[in-house]
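J.: This is the structure I want to talk about, given as structure tokens.
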Amino acid sequence: MSTPKRNIIILFFLVMSIIPFMLMNDLFPFMRFGMFAETIKQSPQKEFFMVSVIKKDGSIESLSKRQSAMDDSHLNYMTRTYFYQHKLDYFVEQLLVSGLVHKDEYLRITQHSLINKTWTTNIIVNQK
Amino acid sequence: MKKKDTTQTLLFIALSIVLWLMYGYVLECSDDVVHQILQSGTNKNQWTQWIYDFYPRLQTEKWRFDEQFFLTKSHQLLLRNTWIVQLILLITVYWYLIKNRLNTVYIQTFSVTTDSQIITKYITPSLYLCLGIVVYDAIVEFQDLIYFKAFYSPIGIGKLLLPVFPSLLFLWILYLVLLGSIVSIVCLPYKWISASISLMAFIYYQLLFSGFDKYDHGYTTLTYAMLVYPFILFEQEKNTSKYTPAWGIVLIQLMISLSYFYGGLEKILISGWDWVATDNLQQHLLLHQTHWGSYLASYPTVCKGLSFGVILLQCSFILLPFFKNLRYILLPIGFIFHTATWLLLGAGGLINPWWCLYLFFLIPLQAQETK
């Protein structure tokens, strides 16, 4: 490959790598690396949403155990999105018809908050 | 001082003053823009919609955090852009002074070669085997993602390219295409074409997954390697000698190093010394609720030491493509860092593409012979 072509390719990659940093946003496939960069100060940063299923015998199982695509962390992220965008009803409705929750089971969504290094739990959805 | 130097210095100072005055003006206006977006509630006009399209998380976060949080972010955004423009100004104005030095470093860094056999026998099969495994895992996940089809909401470029979630049959066909292209890379000529096909399949999978709210940063460095690798294969095919130009290898090294470096820089710019000095890591550990993380959280001094170590490691990585001997220190620590992130925070897995790609730092490179 000629040197000018090579230089353009190198320059392109270097410039594209800095743009997400400048715009503070991912520009797929070039990414920003802001994970864990925020110090945890505000209370919304200290919460975790858990999606689980209450089985017929009363035992509780995390929804992440029933499929491999979404772990607890991703489910937390999705639930948070629908919760704060005031679309939790839609989220619950779609989960109930998804086939992951059986007819005789309850879907439970809990909001866990870390206050003074101790967890408190608030049930926000408990629906068949 | 020479007359030219004085002129350039005056020019640089004048342009810098203009730049920082503009920064001050835009800073004043940005506070109003942030305020308006936050006050708009669920109402969206063309302007706010454009901002939401670019920053999809803002739609959620504006309900979570107070105004100050977003003001800090917008100030940071402006500051970073002003710094970059300032740097470009500096380079442009003093180009006549730094040109030769920069050129020497550039040639020393990128004008290297490597043994073609190493690429053919070890690097290519290892890299594409890694890709095959990663995408197989993805296909297994896609079978379950069907349950979440209703929540598929593509972001960024995915909105344009993948507006609807495809059928499982299509995904399996795509996987077969990917496997075919991987086999072609190893067995057939025109390897760079096959590498480009597998790259597209890999990007397709990532875009599809990002439709469920976020990009998976675990594959970022692998994506960078995949983006550059067709050029390496192209160079190798065009070159019949024992040694092949290895600028692509150096570019991959640089992209990997930059990924770490930006990670460290983000922590410094967003949180500053607080990232180390406060109970930040303890809070992260407690929030992620892993066995080892909860155990470590009870040792605040160790947490502070580790926080400092993380920033030091991430910022040091940028030196790696230029000082090869650092690999003996940074790569083992990097491996420990990723394993610890998995054990303490549950992020990533035991086998992590980030450290798998350290392979590129182990390839022996030699200076290219000048004709």
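Every chain in the structure tokens has a letter given in the order shown (A, B, ...), and although residue numbers restart at 1 in each chain, ligands are simply numbered from 1 in the order shown.
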Tell me, as a list in words, which residues lie within 12 Å of Asp66 in chain B, counting only C-alpha atoms; anything in the same chain fewer than 3 positions away does not count.
T.: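 Returned residues: Lys41, Gln42, Ser43, Pro44 and Gln45 of chain A; Val34, His35, Leu38, Gln39, Glu61, Lys62, Trp63, Phe69, Phe70, Leu71, Thr72 and Lys73 of chain B.
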J.: Extract, using only C-alpha atoms, all DNA, RNA and protein residues at most 7 Å from range 232-248 of chain B, discarding same-chain residues fewer than 6 positions from it, and format them as a PyMOL selection string.
T.: (chain A and resi 1) or (chain B and resi 110-116+191-192)
J.: Which residue out of B:Leu296, B:Val183, B:Ile336, B:Leu78 has the minimum interatomic distance to chain A when only C-alpha atoms are used?
T.: B:Leu78
J.: Could you list, as a list in words, every residue within 12 Å of Ile124 in chain A, counting only C-alpha atoms and ignoring same-chain residues fewer than 2 positions away?
T.: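 In the requested format, the answer is Phe49, Met50, Val51, Ser52, Thr79, Arg80, Phe83, Leu88, Asp89, Val92, Leu107, Arg108, Ile109, Thr110, Gln111, His112, Thr121, Asn122, Asn126 and Gln127 of chain A.
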J.: For the residues in the current selection, export N, CA and C atoms as a JSON list (two decimals), in the first residue's frame.
T.:
[["chain", "number", "residue", "atom", "x", "y", "z"],
["A", 49, "PHE", "N", -32.12, -2.10, 40.17],
["A", 49, "PHE", "CA", -33.43, -2.71, 39.94],
["A", 49, "PHE", "C", -33.25, -4.20, 39.68],
["A", 50, "MET", "N", -34.11, -4.97, 40.27],
["A", 50, "MET", "CA", -34.01, -6.43, 40.13],
["A", 50, "MET", "C", -35.32, -6.94, 39.54],
["A", 51, "VAL", "N", -35.22, -7.73, 38.49],
["A", 51, "VAL", "CA", -36.42, -8.32, 37.90],
["A", 51, "VAL", "C", -36.42, -9.80, 38.26],
["A", 52, "SER", "N", -37.45, -10.24, 38.95],
["A", 52, "SER", "CA", -37.49, -11.65, 39.34],
["A", 52, "SER", "C", -38.89, -12.22, 39.18],
["A", 79, "THR", "N", -34.59, -1.87, 33.05],
["A", 79, "THR", "CA", -35.70, -1.52, 33.95],
["A", 79, "THR", "C", -35.61, -0.05, 34.34],
["A", 80, "ARG", "N", -34.39, 0.40, 34.65],
["A", 80, "ARG", "CA", -34.17, 1.79, 35.03],
["A", 80, "ARG", "C", -34.65, 2.74, 33.93],
["A", 83, "PHE", "N", -38.43, 2.68, 33.89],
["A", 83, "PHE", "CA", -38.93, 3.26, 35.14],
["A", 83, "PHE", "C", -38.87, 4.79, 35.09],
["A", 88, "LEU", "N", -43.02, 2.04, 32.68],
["A", 88, "LEU", "CA", -42.87, 0.75, 33.35],
["A", 88, "LEU", "C", -44.04, -0.20, 33.04],
["A", 89, "ASP", "N", -45.24, 0.37, 32.85],
["A", 89, "ASP", "CA", -46.41, -0.47, 32.55],
["A", 89, "ASP", "C", -46.18, -1.29, 31.28],
["A", 92, "VAL", "N", -43.57, -4.06, 31.93],
["A", 92, "VAL", "CA", -44.14, -5.19, 32.67],
["A", 92, "VAL", "C", -45.05, -6.02, 31.74],
["A", 107, "LEU", "N", -44.62, -11.65, 38.39],
["A", 107, "LEU", "CA", -43.41, -10.91, 38.02],
["A", 107, "LEU", "C", -43.17, -9.86, 39.10],
["A", 108, "ARG", "N", -41.97, -9.84, 39.63],
["A", 108, "ARG", "CA", -41.66, -8.87, 40.68],
["A", 108, "ARG", "C", -40.48, -7.99, 40.28],
["A", 109, "ILE", "N", -40.70, -6.68, 40.43],
["A", 109, "ILE", "CA", -39.58, -5.75, 40.20],
["A", 109, "ILE", "C", -39.32, -5.01, 41.49],
["A", 110, "THR", "N", -38.08, -5.07, 41.93],
["A", 110, "THR", "CA", -37.72, -4.40, 43.17],
["A", 110, "THR", "C", -36.64, -3.34, 42.93],
["A", 111, "GLN", "N", -36.74, -2.28, 43.71],
["A", 111, "GLN", "CA", -35.74, -1.21, 43.62],
["A", 111, "GLN", "C", -34.92, -1.26, 44.91],
["A", 112, "HIS", "N", -33.63, -1.52, 44.77],
["A", 112, "HIS", "CA", -32.76, -1.62, 45.94],
["A", 112, "HIS", "C", -31.91, -0.36, 46.03],
["A", 121, "THR", "N", -34.96, -2.26, 50.36],
["A", 121, "THR", "CA", -35.68, -2.79, 49.19],
["A", 121, "THR", "C", -37.10, -2.24, 49.12],
["A", 122, "ASN", "N", -37.50, -1.87, 47.91],
["A", 122, "ASN", "CA", -38.82, -1.35, 47.69],
["A", 122, "ASN", "C", -39.45, -2.13, 46.52],
["A", 126, "ASN", "N", -45.55, -6.12, 41.37],
["A", 126, "ASN", "CA", -45.79, -7.50, 41.79],
["A", 126, "ASN", "C", -47.05, -7.94, 41.06],
["A", 127, "GLN", "N", -46.90, -8.46, 39.87],
["A", 127, "GLN", "CA", -48.05, -8.62, 38.99],
["A", 127, "GLN", "C", -48.08, -9.98, 38.30]]
J.: Could you give me, as a list in words, the residues within 12 Å of Glu93 in chain A, counting only C-alpha atoms and dropping anything in the same chain fewer than 2 positions from it?
T.: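 Returned residues: Tyr82, Lys87, Leu88, Asp89, Tyr90, Phe91, Leu95, Leu96, Val97, Ser98, Gly99, Leu100, Val101, Leu107, Val125, Asn126, Gln127 and Lys128 of chain A; Phe148, Ala150 and Phe151 of chain B.
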J.: With only C-alpha atoms as the atoms that count, which of B:Gln59, B:Ser316, B:Ser196, B:Thr92 lies nearest to chain A?
T.: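 Smallest distance to chain A is found for B:Gln59.
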J.: Compute the set of chain B residues within 6 Å of chain A, using only C-alpha atoms, and express it as a ChimeraX atom specification.
T.: /B:60,63,80-81,141,144-145,147,263,266-267,271,275,280
J.: Could you please determine the separation between CA of Thr82 in chain B and CA of Ser40 in chain B in Å, to one decimal place?
T.: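 Spanning CA of Thr82 in chain B to CA of Ser40 in chain B is a straight-line distance of 28.0 Å.
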J.: Run DSSP on the backbone and give me the residues of range 83-218 of chain B it puts in strand (DSSP E or B), as a PyMOL selection string.
T.: chain B and resi 112-115
J.: Which residues are close to range 342-351 of chain B, i.e. within 8 Å by only C-alpha atoms, leaving aside same-chain residues fewer than 5 positions away? Reply as a tab-separated table (two decimals) with N, CA and C atoms, in the first residue's frame.
T.:
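Output (part.tsv):
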chain	number	residue	atom	x	y	z
B	218	GLY	N	-17.17	-4.39	26.08
B	218	GLY	CA	-16.27	-5.53	26.21
B	218	GLY	C	-15.63	-5.93	24.88
B	284	HIS	N	-18.72	1.46	44.54
B	284	HIS	CA	-18.86	0.64	43.33
B	284	HIS	C	-18.90	-0.84	43.70
B	285	LEU	N	-18.00	-1.23	44.60
B	285	LEU	CA	-17.93	-2.64	45.00
B	285	LEU	C	-19.22	-3.09	45.68
B	288	HIS	N	-22.13	-3.50	43.18
B	288	HIS	CA	-22.10	-4.64	42.26
B	288	HIS	C	-22.29	-5.99	42.95
B	289	GLN	N	-22.26	-5.97	44.27
B	289	GLN	CA	-22.67	-7.13	45.08
B	289	GLN	C	-22.03	-8.47	44.69
B	290	THR	N	-20.72	-8.47	44.49
B	290	THR	CA	-20.05	-9.77	44.29
B	290	THR	C	-19.42	-10.18	45.62
B	291	HIS	N	-19.13	-11.45	45.76
B	291	HIS	CA	-18.58	-11.96	47.01
B	291	HIS	C	-17.27	-11.25	47.36
B	292	TRP	N	-16.34	-11.24	46.38
B	292	TRP	CA	-15.01	-10.68	46.64
B	292	TRP	C	-15.06	-9.15	46.74
B	293	GLY	N	-15.98	-8.56	45.98
B	293	GLY	CA	-16.13	-7.10	46.02
B	293	GLY	C	-16.60	-6.64	47.39
B	294	SER	N	-17.59	-7.32	47.94
B	294	SER	CA	-18.11	-6.97	49.26
B	294	SER	C	-17.04	-7.14	50.34
B	356	CYS	N	-7.04	-10.81	25.70
B	356	CYS	CA	-6.70	-11.74	24.61
B	356	CYS	C	-5.94	-10.98	23.52
